[in-house]
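File shown: final19.cif. Contents: mmCIF, C-alpha atoms.
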```cif
data_model
loop_
_atom_site.label_atom_id
_atom_site.label_comp_id
_atom_site.auth_asym_id
_atom_site.auth_seq_id
_atom_site.Cartn_x
_atom_site.Cartn_y
_atom_site.Cartn_z
CA MET A 1 76.60 64.83 241.88
CA SER A 2 80.39 65.09 241.75
CA SER A 3 81.82 68.52 242.25
CA THR A 4 83.08 68.61 238.65
CA ALA A 5 79.64 67.75 237.37
CA LYS A 6 78.15 70.37 239.65
CA LYS A 7 80.55 72.95 238.32
CA ALA A 8 79.84 71.98 234.73
CA ASN A 9 76.16 72.35 235.48
CA ILE A 10 76.67 75.83 236.86
CA VAL A 11 78.80 76.86 233.91
CA LYS A 12 76.12 75.52 231.59
CA LYS A 13 73.49 77.54 233.37
CA ALA A 14 75.60 80.66 233.20
CA SER A 15 76.11 80.23 229.47
CA THR A 16 72.39 79.67 228.89
CA VAL A 17 71.89 83.03 230.49
CA LYS A 18 74.42 84.56 228.19
CA LYS A 19 72.94 83.06 225.04
CA ALA A 20 69.51 84.36 225.87
CA GLY A 21 70.89 87.79 225.04
CA THR A 22 69.06 89.84 227.61
CA VAL A 23 70.00 88.45 230.97
CA LYS A 24 67.22 86.91 233.03
CA LYS A 25 66.24 88.85 236.10
CA GLU A 26 68.60 91.45 237.45
CA TRP A 27 68.64 92.16 241.13
CA PRO A 28 66.54 95.21 241.93
CA LEU A 29 68.14 98.62 242.29
CA TRP A 30 68.33 100.29 245.71
CA GLU A 31 69.07 103.89 246.57
CA VAL A 32 71.43 104.42 249.48
CA PHE A 33 71.17 107.28 251.99
CA VAL A 34 73.74 107.89 254.72
CA ARG A 35 73.58 110.16 257.78
CA GLY A 36 76.98 111.48 258.81
CA GLN A 37 78.23 112.38 262.24
CA HIS A 38 77.20 116.00 262.35
CA GLY A 39 73.48 115.70 262.84
CA LEU A 40 72.49 116.52 259.28
CA ALA A 41 69.77 114.58 257.47
CA HIS A 42 70.39 111.35 255.59
CA ARG A 43 71.90 112.21 252.24
CA HIS A 44 71.70 110.28 248.98
CA VAL A 45 75.13 108.78 248.25
CA GLY A 46 74.46 106.39 245.38
CA SER A 47 72.77 103.18 244.40
CA LEU A 48 73.43 99.46 244.17
CA HIS A 49 71.86 96.15 243.14
CA ALA A 50 70.85 93.58 245.75
CA PRO A 51 68.35 90.71 245.95
CA ASP A 52 66.78 91.89 249.23
CA SER A 53 66.98 94.61 251.88
CA LYS A 54 69.42 92.70 254.06
CA MET A 55 71.95 92.27 251.26
CA ALA A 56 71.32 95.85 250.17
CA MET A 57 72.26 96.98 253.68
CA ASN A 58 75.40 94.81 253.73
CA ASN A 59 76.49 96.05 250.32
CA ALA A 60 75.73 99.68 251.18
CA ARG A 61 77.99 99.39 254.19
CA ASP A 62 80.81 97.96 252.07
CA VAL A 63 80.44 100.28 249.11
CA TYR A 64 79.52 103.60 250.73
CA THR A 65 80.91 103.72 254.28
CA ARG A 66 84.46 102.41 254.04
CA ARG A 67 85.88 105.59 255.57
CA GLY A 68 83.61 106.32 258.49
CA GLU A 69 81.23 108.37 256.33
CA GLY A 70 78.15 107.47 258.29
CA LEU A 71 76.37 106.50 261.49
CA SER A 72 73.12 105.40 259.87
CA ILE A 73 72.15 103.93 256.50
CA TRP A 74 68.80 103.82 254.69
CA VAL A 75 68.33 101.56 251.68
CA VAL A 76 65.21 102.22 249.60
CA PRO A 77 64.00 100.23 246.55
CA SER A 78 64.47 102.66 243.65
CA HIS A 79 61.10 101.76 242.12
CA THR A 80 59.31 103.10 245.21
CA ILE A 81 60.64 106.61 244.65
CA THR A 82 58.39 109.02 242.82
CA ALA A 83 60.48 111.66 241.10
CA SER A 84 59.41 114.94 239.57
CA ALA A 85 59.79 114.98 235.80
CA PRO A 86 62.19 117.44 234.16
CA SER A 87 59.21 118.79 232.16
CA ASP A 88 57.47 119.75 235.42
CA LYS A 89 60.19 122.20 236.30
CA GLY A 90 58.16 125.22 235.24
CA PRO A 91 54.90 124.57 237.12
CA LEU A 92 56.74 123.25 240.19
CA PHE A 93 59.52 125.72 240.70
CA GLU A 94 58.83 128.91 238.78
CA PRO A 95 56.17 130.24 241.18
CA ALA A 96 58.90 130.68 243.79
CA ASN A 97 60.86 133.03 241.53
CA SER A 98 58.32 135.85 241.86
CA LYS A 99 58.16 135.62 245.66
CA VAL A 100 61.46 137.13 246.61
CA TYR A 101 59.86 138.59 249.77
CA ARG A 102 60.24 135.10 251.24
CA HIS A 103 63.93 135.84 251.66
CA PRO A 104 64.80 137.97 254.70
CA GLY A 105 67.13 140.17 252.59
CA PHE A 106 64.04 141.58 250.81
CA PHE A 107 63.36 143.91 253.76
CA ASN A 108 65.51 146.92 254.53
CA ILE A 109 65.90 147.24 258.28
CA PRO A 110 67.75 150.38 259.52
CA ASP A 111 71.32 149.68 260.66
CA GLU A 112 70.68 151.12 264.13
CA ILE A 113 68.17 148.32 264.82
CA GLY A 114 71.09 145.89 264.79
CA HIS A 115 70.90 142.23 264.02
CA MET A 116 67.42 140.91 263.25
CA MET B 117 92.88 107.19 230.00
CA TYR B 118 90.62 104.74 231.76
CA ALA B 119 88.49 105.32 228.69
CA GLN B 120 91.16 105.68 226.03
CA MET B 121 89.36 105.29 222.73
CA VAL B 122 85.76 106.32 223.10
CA LYS B 123 84.07 106.40 219.72
CA SER B 124 81.98 109.51 219.46
CA THR B 125 79.28 110.14 216.86
CA GLY B 126 81.75 110.55 214.02
CA ASN B 127 79.78 113.56 212.84
CA GLN B 128 81.06 117.08 212.73
CA VAL B 129 80.23 119.25 215.68
CA LYS B 130 77.15 121.32 214.90
CA ASN B 131 76.88 124.95 215.86
CA LEU B 132 73.83 126.25 217.72
CA GLU B 133 72.10 127.60 214.59
CA GLU B 134 72.21 124.21 212.89
CA MET B 135 70.52 122.43 215.78
CA GLU B 136 66.90 121.49 216.29
CA PRO B 137 65.27 123.30 219.27
CA ASP B 138 65.73 120.38 221.71
CA GLU B 139 69.38 120.00 220.93
CA ARG B 140 69.96 123.74 221.00
CA ALA B 141 68.41 123.97 224.48
CA PHE B 142 70.56 121.02 225.59
CA GLN B 143 73.79 122.52 224.23
CA THR B 144 72.94 125.91 225.72
CA ARG B 145 72.65 124.32 229.14
CA ILE B 146 76.01 122.61 228.74
CA ASN B 147 77.59 125.88 227.63
CA ALA B 148 76.16 127.51 230.77
CA ASP B 149 77.68 124.72 232.92
CA ILE B 150 74.30 123.38 233.99
CA LYS B 151 74.40 119.62 234.63
CA ILE B 152 72.48 117.21 232.45
CA GLU B 153 70.56 114.65 234.49
CA ALA B 154 69.49 111.15 233.50
CA LYS B 155 65.86 111.98 232.72
CA ASP B 156 66.62 115.15 230.76
CA TRP B 157 66.37 115.14 226.99
CA MET B 158 69.73 114.40 225.37
CA PRO B 159 70.93 113.64 221.82
CA ASP B 160 71.34 109.92 221.12
CA GLY B 161 75.01 110.45 220.36
CA TYR B 162 75.60 111.98 223.80
CA ARG B 163 73.89 109.03 225.45
CA ARG B 164 75.79 106.42 223.40
CA THR B 165 79.15 108.12 223.82
CA LEU B 166 78.70 108.44 227.57
CA ILE B 167 77.59 104.80 227.92
CA ARG B 168 80.80 103.77 226.14
CA GLN B 169 82.98 106.15 228.13
CA ILE B 170 81.54 105.37 231.57
CA SER B 171 81.36 101.62 231.00
CA GLN B 172 84.97 101.55 229.76
CA HIS B 173 85.91 103.49 232.84
CA ALA B 174 83.99 101.04 235.07
CA HIS B 175 85.48 97.98 233.37
CA SER B 176 88.94 99.49 233.91
CA GLU B 177 88.30 99.76 237.63
CA ILE B 178 87.12 96.15 237.81
CA VAL B 179 89.85 94.63 235.60
CA GLY B 180 92.31 96.97 237.33
CA GLN B 181 91.92 94.90 240.48
CA LEU B 182 93.55 91.90 238.85
CA PRO B 183 97.19 92.98 238.46
CA GLU B 184 97.29 94.01 242.12
CA SER B 185 95.37 91.05 243.50
CA ASN B 186 98.36 89.01 242.32
CA TRP B 187 100.34 90.49 245.22
CA ILE B 188 97.83 90.51 248.07
CA LYS B 189 98.92 87.09 249.27
CA ARG B 190 102.57 87.93 248.66
CA ALA B 191 102.72 91.32 250.37
CA PRO B 192 105.89 91.67 252.46
CA THR B 193 104.12 92.55 255.75
CA LEU B 194 100.68 92.17 257.26
CA GLU B 195 100.25 95.95 257.20
CA ARG B 196 101.13 96.20 253.50
CA LYS B 197 98.73 93.36 252.83
CA ALA B 198 95.87 95.10 254.65
CA ILE B 199 96.59 98.36 252.82
CA LEU B 200 96.71 96.68 249.40
CA LEU B 201 93.51 94.82 250.17
CA ALA B 202 91.81 98.12 251.06
CA LYS B 203 93.03 99.68 247.83
CA VAL B 204 91.78 96.81 245.70
CA GLN B 205 88.45 96.96 247.53
CA ASP B 206 88.25 100.64 246.64
CA GLU B 207 88.68 99.75 242.95
CA ALA B 208 85.68 97.44 243.20
CA GLY B 209 83.72 100.30 244.76
CA HIS B 210 84.80 102.67 241.99
CA GLY B 211 83.60 100.17 239.42
CA LEU B 212 80.22 100.01 241.15
CA TYR B 213 79.77 103.79 241.35
CA LEU B 214 80.52 104.00 237.63
CA TYR B 215 78.29 101.10 236.58
CA CYS B 216 75.45 102.83 238.45
CA ALA B 217 76.15 106.08 236.62
CA ALA B 218 76.09 104.26 233.27
CA GLU B 219 72.85 102.48 234.20
CA THR B 220 71.05 105.80 234.52
CA LEU B 221 71.52 106.12 230.74
CA GLY B 222 69.51 102.99 230.03
CA ILE B 223 72.01 100.12 229.85
CA SER B 224 71.82 97.34 232.47
CA ARG B 225 74.63 96.11 234.68
CA ASP B 226 74.39 92.63 233.20
CA GLU B 227 74.58 93.95 229.65
CA MET B 228 77.80 95.75 230.54
CA THR B 229 79.21 92.61 232.16
CA GLU B 230 78.27 90.62 229.07
CA GLN B 231 80.02 93.10 226.80
CA LEU B 232 83.16 92.88 228.90
CA LEU B 233 83.19 89.08 229.04
CA ALA B 234 82.48 88.81 225.32
CA GLY B 235 85.53 90.97 224.62
CA LYS B 236 83.31 93.64 223.04
CA ALA B 237 84.01 96.33 225.62
CA LYS B 238 87.35 98.02 226.08
CA TYR B 239 89.19 98.78 229.29
CA SER B 240 92.44 100.62 229.86
CA SER B 241 95.49 99.15 228.10
CA ILE B 242 97.54 99.50 231.29
CA PHE B 243 95.91 96.52 233.00
CA ASN B 244 97.17 94.09 230.38
CA TYR B 245 100.72 94.20 231.70
CA PRO B 246 101.98 91.65 234.24
CA THR B 247 102.96 92.47 237.83
CA LEU B 248 106.29 90.74 238.25
CA SER B 249 107.58 92.04 241.58
CA TRP B 250 106.39 93.75 244.76
CA ALA B 251 107.83 96.99 243.43
CA ASP B 252 105.14 96.90 240.75
CA MET B 253 102.60 97.64 243.51
CA GLY B 254 104.56 100.80 244.22
CA ALA B 255 104.88 101.77 240.55
CA ILE B 256 101.19 101.15 239.86
CA GLY B 257 100.00 103.26 242.78
CA TRP B 258 102.46 106.03 242.02
CA LEU B 259 102.21 106.13 238.21
CA VAL B 260 98.94 104.46 237.20
CA ASP B 261 96.81 105.99 239.94
CA GLY B 262 98.70 109.24 239.50
CA ALA B 263 97.76 109.30 235.82
CA ALA B 264 94.19 108.33 236.67
CA ILE B 265 93.84 111.24 239.10
CA MET B 266 95.05 113.66 236.45
CA ASN B 267 92.22 112.58 234.19
CA GLN B 268 89.53 112.18 236.82
CA VAL B 269 89.83 115.51 238.60
CA PRO B 270 88.48 117.48 235.62
CA LEU B 271 85.76 114.85 235.05
CA GLN B 272 84.24 115.93 238.38
CA TYR B 273 83.08 119.00 236.45
CA CYS B 274 81.80 117.18 233.34
CA SER B 275 78.30 117.87 232.04
CA PHE B 276 76.59 114.61 233.06
CA GLY B 277 75.48 114.80 236.71
CA PRO B 278 75.66 111.10 237.70
CA TYR B 279 79.15 110.72 236.16
CA ALA B 280 80.42 113.92 237.78
CA ARG B 281 79.11 112.86 241.20
CA ALA B 282 80.69 109.40 240.92
CA MET B 283 83.98 111.13 240.11
CA VAL B 284 83.81 113.25 243.27
CA ARG B 285 83.74 110.12 245.42
CA ILE B 286 86.41 108.39 243.37
CA CYS B 287 88.84 111.31 243.46
CA LYS B 288 88.60 111.50 247.24
CA GLU B 289 89.70 107.88 247.48
CA GLU B 290 92.24 107.88 244.67
CA SER B 291 94.70 110.07 246.54
CA PHE B 292 95.21 107.29 249.10
CA HIS B 293 96.09 104.94 246.24
CA GLN B 294 98.78 107.13 244.79
CA ARG B 295 100.36 107.93 248.14
CA GLN B 296 100.48 104.29 249.22
CA GLY B 297 102.28 103.52 245.95
CA PHE B 298 104.81 106.28 246.41
CA ASP B 299 105.33 105.12 249.98
CA ILE B 300 106.23 101.62 248.73
CA MET B 301 108.72 103.17 246.28
CA MET B 302 110.29 105.32 249.02
CA LYS B 303 110.72 102.29 251.23
CA LEU B 304 112.36 100.30 248.42
CA VAL B 305 114.80 103.01 247.35
CA GLY B 306 115.82 103.42 250.98
CA GLY B 307 116.59 99.71 251.26
CA THR B 308 119.30 97.41 249.94
CA LYS B 309 120.76 97.71 246.45
CA ALA B 310 118.61 94.78 245.33
CA GLN B 311 115.50 96.57 246.60
CA LYS B 312 116.40 99.81 244.87
CA ASP B 313 117.09 97.89 241.65
CA MET B 314 113.66 96.33 241.97
CA ALA B 315 112.11 99.80 242.18
CA GLN B 316 114.06 100.96 239.10
CA ASP B 317 113.02 97.87 237.18
CA ALA B 318 109.36 98.52 238.00
CA LEU B 319 109.67 102.14 236.83
CA ASN B 320 111.35 100.95 233.62
CA ARG B 321 108.49 98.62 232.82
CA TRP B 322 105.57 100.89 233.84
CA TRP B 323 106.71 104.30 232.59
CA TRP B 324 105.77 103.95 228.92
CA PRO B 325 102.51 102.06 229.49
CA ALA B 326 101.60 104.83 231.99
CA LEU B 327 102.14 107.50 229.30
CA MET B 328 99.94 105.46 226.94
CA MET B 329 97.10 105.64 229.46
CA PHE B 330 96.28 109.14 228.24
CA GLY B 331 95.31 107.74 224.85
CA PRO B 332 96.59 108.36 221.31
CA PRO B 333 98.27 111.65 220.39
CA ASP B 334 95.94 114.57 219.68
CA ALA B 335 96.76 114.52 215.98
CA SER B 336 95.17 111.07 215.63
CA SER B 337 92.48 111.44 218.26
CA VAL B 338 89.46 111.70 216.00
CA HIS B 339 86.63 111.72 218.48
CA SER B 340 87.64 114.59 220.69
CA ALA B 341 85.88 117.62 219.21
CA GLN B 342 82.33 116.46 219.96
CA SER B 343 83.32 115.28 223.45
CA PHE B 344 84.82 118.71 224.17
CA ALA B 345 81.64 120.40 222.94
CA TRP B 346 79.57 118.17 225.22
CA ASN B 347 81.95 118.79 228.12
CA ILE B 348 82.62 115.14 228.75
CA LYS B 349 86.29 115.67 227.93
CA GLN B 350 88.04 118.80 229.15
CA ASN B 351 91.71 118.30 228.37
CA SER B 352 93.42 116.84 225.33
CA ASN B 353 95.38 113.59 225.63
CA ASP B 354 98.72 115.27 224.96
CA GLU B 355 97.97 118.09 227.38
CA LEU B 356 97.36 115.64 230.25
CA ARG B 357 100.33 113.46 229.24
CA GLN B 358 102.60 116.52 229.40
CA LYS B 359 101.22 117.49 232.78
CA PHE B 360 101.85 113.97 234.04
CA VAL B 361 105.47 113.97 232.82
CA ASP B 362 106.13 117.36 234.40
CA GLN B 363 104.69 116.25 237.70
CA THR B 364 106.34 112.85 237.80
CA VAL B 365 109.92 113.56 236.75
CA PRO B 366 110.78 115.53 239.92
CA GLN B 367 109.19 112.76 241.99
CA ALA B 368 111.44 110.19 240.32
CA GLN B 369 114.42 112.45 241.01
CA HIS B 370 113.42 112.60 244.65
CA LEU B 371 113.40 108.82 244.73
CA GLY B 372 116.81 108.72 243.02
CA LEU B 373 115.36 106.72 240.14
CA GLU B 374 115.94 107.28 236.47
CA ILE B 375 113.10 107.74 233.97
CA PRO B 376 113.76 105.23 231.15
CA ASP B 377 113.77 107.85 228.38
CA ALA B 378 117.07 109.00 226.81
CA ASP B 379 115.28 111.90 225.12
CA LEU B 380 113.82 113.34 228.31
CA VAL B 381 115.09 116.89 228.73
CA TRP B 382 113.91 120.09 230.40
CA ASN B 383 112.76 122.64 227.85
CA GLU B 384 113.33 126.08 229.32
CA ASP B 385 111.30 127.87 226.62
CA LYS B 386 108.07 126.02 227.13
CA GLY B 387 108.69 125.51 230.84
CA SER B 388 108.16 121.76 230.71
CA TYR B 389 109.88 118.54 229.75
CA ASP B 390 110.38 117.20 226.24
CA TYR B 391 110.02 113.45 226.17
CA GLY B 392 110.76 110.69 223.70
CA ALA B 393 108.44 108.99 221.22
CA VAL B 394 105.78 106.69 222.63
CA ASP B 395 105.46 103.32 220.88
CA TRP B 396 101.91 103.72 219.57
CA ASP B 397 102.05 100.40 217.74
CA GLU B 398 102.37 98.73 221.11
CA PHE B 399 99.46 100.77 222.46
CA PHE B 400 97.11 99.78 219.62
CA ALA B 401 98.21 96.16 219.82
CA VAL B 402 97.48 95.99 223.55
CA LEU B 403 94.16 97.82 223.16
CA SER B 404 93.01 95.48 220.44
CA GLY B 405 93.62 92.42 222.58
CA ASN B 406 97.25 91.50 221.94
CA GLY B 407 98.95 92.70 225.12
CA PRO B 408 100.86 90.34 227.41
CA CYS B 409 97.89 89.63 229.71
CA ASN B 410 94.68 90.41 227.76
CA ALA B 411 93.55 86.80 227.60
CA GLU B 412 94.46 86.13 231.22
CA ARG B 413 92.49 89.17 232.44
CA LEU B 414 89.32 88.18 230.60
CA GLN B 415 89.66 84.58 231.74
CA ALA B 416 89.90 85.78 235.33
CA ARG B 417 86.74 87.88 234.92
CA GLN B 418 84.91 84.99 233.27
CA LYS B 419 85.98 82.62 236.05
CA ALA B 420 84.84 85.07 238.74
CA TRP B 421 81.47 85.40 236.98
CA ASP B 422 81.04 81.63 236.58
CA ASP B 423 82.29 80.74 240.06
CA GLY B 424 79.92 83.28 241.60
CA ALA B 425 76.87 81.97 239.72
CA TRP B 426 75.75 79.56 242.50
CA PHE B 427 76.02 82.36 245.06
CA ARG B 428 74.05 84.89 243.01
CA GLU B 429 71.39 82.28 242.29
CA GLY B 430 71.22 81.28 245.96
CA LEU B 431 70.70 84.86 247.07
CA THR B 432 68.01 85.36 244.46
CA ALA B 433 66.22 82.16 245.46
CA ASN B 434 66.35 83.14 249.11
CA ALA B 435 64.97 86.61 248.38
CA GLN B 436 62.12 85.14 246.30
CA LYS B 437 61.26 82.63 249.01
CA ARG B 438 61.16 85.31 251.69
CA ALA B 439 59.04 87.59 249.52
CA LYS B 440 56.43 84.84 249.27
CA LEU B 441 56.24 84.20 253.04
#
```
Can the structure from this file be put into structure tokens for me?
Amino acid sequence: MSSTAKKANIVKKASTVKKAGTVKKEWPLWEVFVRGQHGLAHRHVGSLHAPDSKMAMNNARDVYTRRGEGLSIWVVPSHTITASAPSDKGPLFEPANSKVYRHPGFFNIPDEIGHM
Amino acid sequence: MYAQMVKSTGNQVKNLEEMEPDERAFQTRINADIKIEAKDWMPDGYRRTLIRQISQHAHSEIVGQLPESNWIKRAPTLERKAILLAKVQDEAGHGLYLYCAAETLGISRDEMTEQLLAGKAKYSSIFNYPTLSWADMGAIGWLVDGAAIMNQVPLQYCSFGPYARAMVRICKEESFHQRQGFDIMMKLVGGTKAQKDMAQDALNRWWWPALMMFGPPDASSVHSAQSFAWNIKQNSNDELRQKFVDQTVPQAQHLGLEIPDADLVWNEDKGSYDYGAVDWDEFFAVLSGNGPCNAERLQARQKAWDDGAWFREGLTANAQKRAKL
């Protein structure tokens, strides 16, 4: 196939995709986590689309660590993450509100005892 | 700004008593400065308006690479070339952060790309002007990125969590863009007469389009009230434009360049500059597709999309093959 014909073929394919309205298959979404230099845990920094984990890693490096932000990257397929639902907020988090004794400031320790 | 004409619901802003319980709870959270997250309940109008605003913003970052890419191969030194390349790469990154934020609202990346290529989605009017000389790289960084920062800093505190977080990253990087532009201008005004003239010419051509970036004047900005109530817009167009003028005029004076506005004068009473009339006919013409480079910009995006098709398909095929092994 000549290169012009090849190109025409590609263009044709691209336009078929467009006409179909909803685009065929999008690359899956990945969540990106980066650990910085100061020993803290990996932190979620954003997401990206990539066909596989290798490309996700390459893209994560380009998109999220251009300024020395990290020493380690995790990429995780978004669909594998189970998230709590906003409607679960009450049952999940309210029980903690009534247990203020879990915070050290709840207890009054005499000043003369010093730091504890 | 990067999203200059975001159509809001068109309805009047409701007060809390008029709202259904869901919407009242939603608005109460916004009023208390609690972020709205993607899975939270939100009014359809909020979702639609934000999709438009964030995708316009993202498209602006992506199309915004084109005027500058014109000068990557023509940069005067290897260092300038590397710096410009890094800046343009940042713009691509900014586009990606923003597309991701928009996707959390239920639109796909490909749908947004389709809307852009079909000419259905807007992007900032500023990127439809040509870059005629190296000094334009200076003027764009200094003025265009300067104006962008002015708009984006408050957006870090907007009500929608994913948008606000994308803005935090973008603002950190944007400062480099403005400073590299100003640095180019300083170098040019310190050079030969021809170089200084080049800098003045760039300022002459970019000043008014930069003022237009903030969008139409408040009096004709019909969609603002609801966006203010939802805290996805914090400052009026005229307010930010004034702030930009006040910040930029002394910088131009420092460079020894003249702002191309005969009506520009310090107003002692209000403690800021009065400036001349912006040509809003030009703004609306450019925004509706009739600027000097609208067609060229969309052609370039279409070509990039078409030329990249074989590569995207190859990666997909490879990933599918490996998944089967």
Counting only C-alpha atoms, figure out which residue out of A:Leu71, A:Arg35, A:Ser78, A:Arg43 gets nearest to Ala56 (chain A).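 Nearest to Ala56 (chain A): A:Ser78.
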Please evaluate the PyMOL selection byres ((chain B) within 7 of (chain A)) against the structure above and give the resulting residues as an MDAnalysis selection string. chainID B and resid 155:156 209 216 226 422 425:426 431:432 435
Same residues, C-alpha atoms, output as a tab-separated table (two decimals), in the coordinates of the input:
```
chain	number	residue	atom	x	y	z
B	155	LYS	CA	65.86	111.98	232.72
B	156	ASP	CA	66.62	115.15	230.76
B	209	GLY	CA	83.72	100.30	244.76
B	216	CYS	CA	75.45	102.83	238.45
B	226	ASP	CA	74.39	92.63	233.20
B	422	ASP	CA	81.04	81.63	236.58
B	425	ALA	CA	76.87	81.97	239.72
B	426	TRP	CA	75.75	79.56	242.50
B	431	LEU	CA	70.70	84.86	247.07
B	432	THR	CA	68.01	85.36	244.46
B	435	ALA	CA	64.97	86.61	248.38
```
Please expand the PyMOL selection byres ((chain B and resi 409) around 7) into the concrete residues it hits in this file, giving the result as a ChimeraX atom specification. /B:244-246,407-408,410-413
My list of candidates is A:Val32, A:Val100, A:Leu92, A:Ile113. Which is closest to Pro77 (chain A) when distances are computed with all atoms listed in the file?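 That would be A:Val32, the residue with the smallest distance to Pro77 (chain A).
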When the PyMOL selection byres ((chain B and resi 146-148) around 12) is applied to the file above, which residues end up in the set, as a VMD selection string? chain B and resid 131 to 132 139 to 145 149 to 153 158 162 273 to 277 343 to 348
Let me see the file: selected residues, C-alpha atoms, as a PDB file, in the frame of the given file.
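Contents of result_23.pdb, as written:
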```
ATOM      1  CA  ASN B 131      76.880 124.950 215.860  1.00  0.00           C
ATOM      2  CA  LEU B 132      73.830 126.250 217.720  1.00  0.00           C
ATOM      3  CA  GLU B 139      69.380 120.000 220.930  1.00  0.00           C
ATOM      4  CA  ARG B 140      69.960 123.740 221.000  1.00  0.00           C
ATOM      5  CA  ALA B 141      68.410 123.970 224.480  1.00  0.00           C
ATOM      6  CA  PHE B 142      70.560 121.020 225.590  1.00  0.00           C
ATOM      7  CA  GLN B 143      73.790 122.520 224.230  1.00  0.00           C
ATOM      8  CA  THR B 144      72.940 125.910 225.720  1.00  0.00           C
ATOM      9  CA  ARG B 145      72.650 124.320 229.140  1.00  0.00           C
ATOM     10  CA  ASP B 149      77.680 124.720 232.920  1.00  0.00           C
ATOM     11  CA  ILE B 150      74.300 123.380 233.990  1.00  0.00           C
ATOM     12  CA  LYS B 151      74.400 119.620 234.630  1.00  0.00           C
ATOM     13  CA  ILE B 152      72.480 117.210 232.450  1.00  0.00           C
ATOM     14  CA  GLU B 153      70.560 114.650 234.490  1.00  0.00           C
ATOM     15  CA  MET B 158      69.730 114.400 225.370  1.00  0.00           C
ATOM     16  CA  TYR B 162      75.600 111.980 223.800  1.00  0.00           C
ATOM     17  CA  TYR B 273      83.080 119.000 236.450  1.00  0.00           C
ATOM     18  CA  CYS B 274      81.800 117.180 233.340  1.00  0.00           C
ATOM     19  CA  SER B 275      78.300 117.870 232.040  1.00  0.00           C
ATOM     20  CA  PHE B 276      76.590 114.610 233.060  1.00  0.00           C
ATOM     21  CA  GLY B 277      75.480 114.800 236.710  1.00  0.00           C
ATOM     22  CA  SER B 343      83.320 115.280 223.450  1.00  0.00           C
ATOM     23  CA  PHE B 344      84.820 118.710 224.170  1.00  0.00           C
ATOM     24  CA  ALA B 345      81.640 120.400 222.940  1.00  0.00           C
ATOM     25  CA  TRP B 346      79.570 118.170 225.220  1.00  0.00           C
ATOM     26  CA  ASN B 347      81.950 118.790 228.120  1.00  0.00           C
ATOM     27  CA  ILE B 348      82.620 115.140 228.750  1.00  0.00           C
TER      28      ILE B 348
END
```
Gln37 (chain A) surroundings by only C-alpha atoms, 10 Å radius, close-in-sequence under 2 positions cut, as a short mmCIF file (atom, residue, chain, number, x, y, z; two decimals) with C-alpha atoms, in the frame of the given file:
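The file below, result-v6.cif, is the result:
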```cif
data_model
loop_
_atom_site.label_atom_id
_atom_site.label_comp_id
_atom_site.auth_asym_id
_atom_site.auth_seq_id
_atom_site.Cartn_x
_atom_site.Cartn_y
_atom_site.Cartn_z
CA VAL A 34 73.74 107.89 254.72
CA ARG A 35 73.58 110.16 257.78
CA GLY A 39 73.48 115.70 262.84
CA LEU A 40 72.49 116.52 259.28
CA ALA A 41 69.77 114.58 257.47
CA GLY A 68 83.61 106.32 258.49
CA GLU A 69 81.23 108.37 256.33
CA GLY A 70 78.15 107.47 258.29
CA LEU A 71 76.37 106.50 261.49
CA SER A 72 73.12 105.40 259.87
#
```
Neighbouring residues of region 285-294 of chain B were defined as those with any atom within 12 Å, considering all atoms listed in the file; residues of the same chain fewer than 6 positions away were excluded. Please report them as an MDAnalysis selection string. (chainID A and resid 45:46 63:67 69) or (chainID B and resid 173:174 177 184 199:214 253:273 278:279 300:301 364)
In the coordinate frame of the file, compute which residues have an atom within 9 Å of (113.0, 104.4, 247.0) when using all atoms listed in the file, and state them as a list in words.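 Nearby residues: Phe298, Asp299, Ile300, Met301, Met302, Lys303, Leu304, Val305, Gly306, Gly307, Gln311, Lys312, Ala315, Gln316, Ala368, His370, Leu371, Gly372 and Leu373 of chain B.
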